[in-house]
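First the structure, in the form of structure tokens, and then the observations on it.
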Amino acid sequence: MYALMEFKGKQYKAEKGALLQVDRIDAEPGSAVDIDSVLLVSGDTVTVGAPYVKGAKVKAVVESHKKAAKIIVFKYKPKKDYRRKQGHRQQYSVIKVQDIIGA
């Protein structure tokens, strides 16, 4: 059984026991997160929402918070002495899917 869910503007495939990397959540590690915006639930039958499946929910637990690898943004214009260097590390949370409640 799996579900397609929308969380913070992005879509994820959630299966029971799966670890998902999502944008950072303001929650302590070990706390529970319920996600109501489920787009599709697939088990014995497939249920597709319009846009969301009524009564469907994904229950997850926050495992940890991490940072992605550093990305370097370097802009320059040749022969104009223009150079800008900027770095960025995206923060994300790792959540573990505990259960999928279908409609």
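Every chain in the structure tokens has a letter given in the order shown (A, B, ...), and although residue numbers restart at 1 in each chain, ligands are simply numbered from 1 in the order shown.
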Write out as a list in words each polymer residue whose atoms come within 7 Å of segment 54-71 of chain A, counting only C-alpha atoms; drop sequence neighbours fewer than 3 positions from it.
->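 In the requested form, the answer reads Pro29, Gly30, Ser31, Ala32, Val33, Asp34, Ile35, Asp36, Val38, Gly87, His88, Arg89, Gln90, Gln91, Tyr92, Ser93, Val94, Ile95, Lys96, Val97, Gln98, Asp99, Ile100, Ile101, Gly102 and Ala103 of chain A.
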Preceding selection exported with C-alpha atoms as a tab-separated table (two decimals), in the first residue's frame:
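Just written: again.tsv:
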chain	number	residue	atom	x	y	z
A	29	PRO	CA	12.64	14.87	16.50
A	30	GLY	CA	10.32	12.15	17.74
A	31	SER	CA	7.15	14.21	17.38
A	32	ALA	CA	4.23	13.03	15.23
A	33	VAL	CA	3.11	14.70	12.01
A	34	ASP	CA	-0.26	14.09	10.33
A	35	ILE	CA	-0.58	14.92	6.64
A	36	ASP	CA	-4.13	15.33	5.32
A	38	VAL	CA	-3.37	12.89	0.18
A	87	GLY	CA	26.77	29.50	-1.12
A	88	HIS	CA	23.58	27.81	0.08
A	89	ARG	CA	22.76	24.71	2.17
A	90	GLN	CA	19.13	23.63	2.09
A	91	GLN	CA	17.73	22.43	5.40
A	92	TYR	CA	15.41	19.45	5.42
A	93	SER	CA	13.76	17.04	7.82
A	94	VAL	CA	13.75	13.26	7.62
A	95	ILE	CA	10.35	11.78	8.43
A	96	LYS	CA	9.41	8.11	8.77
A	97	VAL	CA	5.96	7.06	7.57
A	98	GLN	CA	4.20	5.11	10.33
A	99	ASP	CA	0.80	4.45	8.80
A	100	ILE	CA	-1.42	5.25	5.81
A	101	ILE	CA	-5.11	5.60	6.56
A	102	GLY	CA	-7.15	5.23	3.37
A	103	ALA	CA	-10.68	6.37	2.75
For atom CA of Ala50 of chain A and atom CA of Met5 of chain A, the interatomic separation in Å (one decimal) =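 Separation between atom CA of Ala50 of chain A and atom CA of Met5 of chain A: 12.8 Å.
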Between atom CA of Glu28 of chain A and atom CA of Val53 of chain A, what is the spacing in Å?
->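 Going from atom CA of Val53 of chain A over to atom CA of Glu28 of chain A, I get 28.1 Å.
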Could you tell me which of A:Gly49, A:Gly43, A:Ser37, A:Lys77 comes closest to Lys16 of chain A if we count only C-alpha atoms?
->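 For Lys16 of chain A, the nearest of the candidates is A:Gly43.
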Assign secondary structure with DSSP using the backbone only, and return the residues of segment 9-57 of chain A in strand (DSSP E or B) as JSON, numbers by chain.
-> {"A": [10, 11, 12, 13, 14, 15, 19, 20, 21, 22, 23, 32, 33, 34, 35, 38, 39, 40, 41, 42, 46, 47, 48, 57]}
Please measure the separation of atom CA of Ala14 of chain A and atom CA of Pro51 of chain A, giving the value in Å to one decimal.
->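 The value is 17.2 Å.
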Please provide as a short mmCIF file (atom, residue, chain, number, x, y, z; two decimals) with C-alpha atoms, in the first residue's frame all residues within 10 Å of Glu6 of chain A, with the sequence filter that same-chain residues fewer than 2 positions apart are discarded (counting only C-alpha atoms).
data_model
loop_
_atom_site.label_atom_id
_atom_site.label_comp_id
_atom_site.auth_asym_id
_atom_site.auth_seq_id
_atom_site.Cartn_x
_atom_site.Cartn_y
_atom_site.Cartn_z
CA ALA A 3 -0.05 7.00 -1.05
CA LEU A 4 0.86 10.07 -3.04
CA LYS A 8 4.73 22.01 1.62
CA GLY A 9 4.06 22.38 -2.10
CA LYS A 10 5.87 19.19 -3.17
CA GLN A 11 4.59 15.69 -3.86
CA TYR A 12 5.96 12.53 -2.27
CA LYS A 13 5.29 8.80 -2.52
CA ILE A 35 -0.58 14.92 6.64
CA ASP A 36 -4.13 15.33 5.32
CA SER A 37 -3.40 16.36 1.74
CA VAL A 38 -3.37 12.89 0.18
CA LEU A 39 -3.78 12.85 -3.61
CA LEU A 40 -3.95 9.09 -4.21
CA TYR A 52 -7.60 15.27 -2.22
#
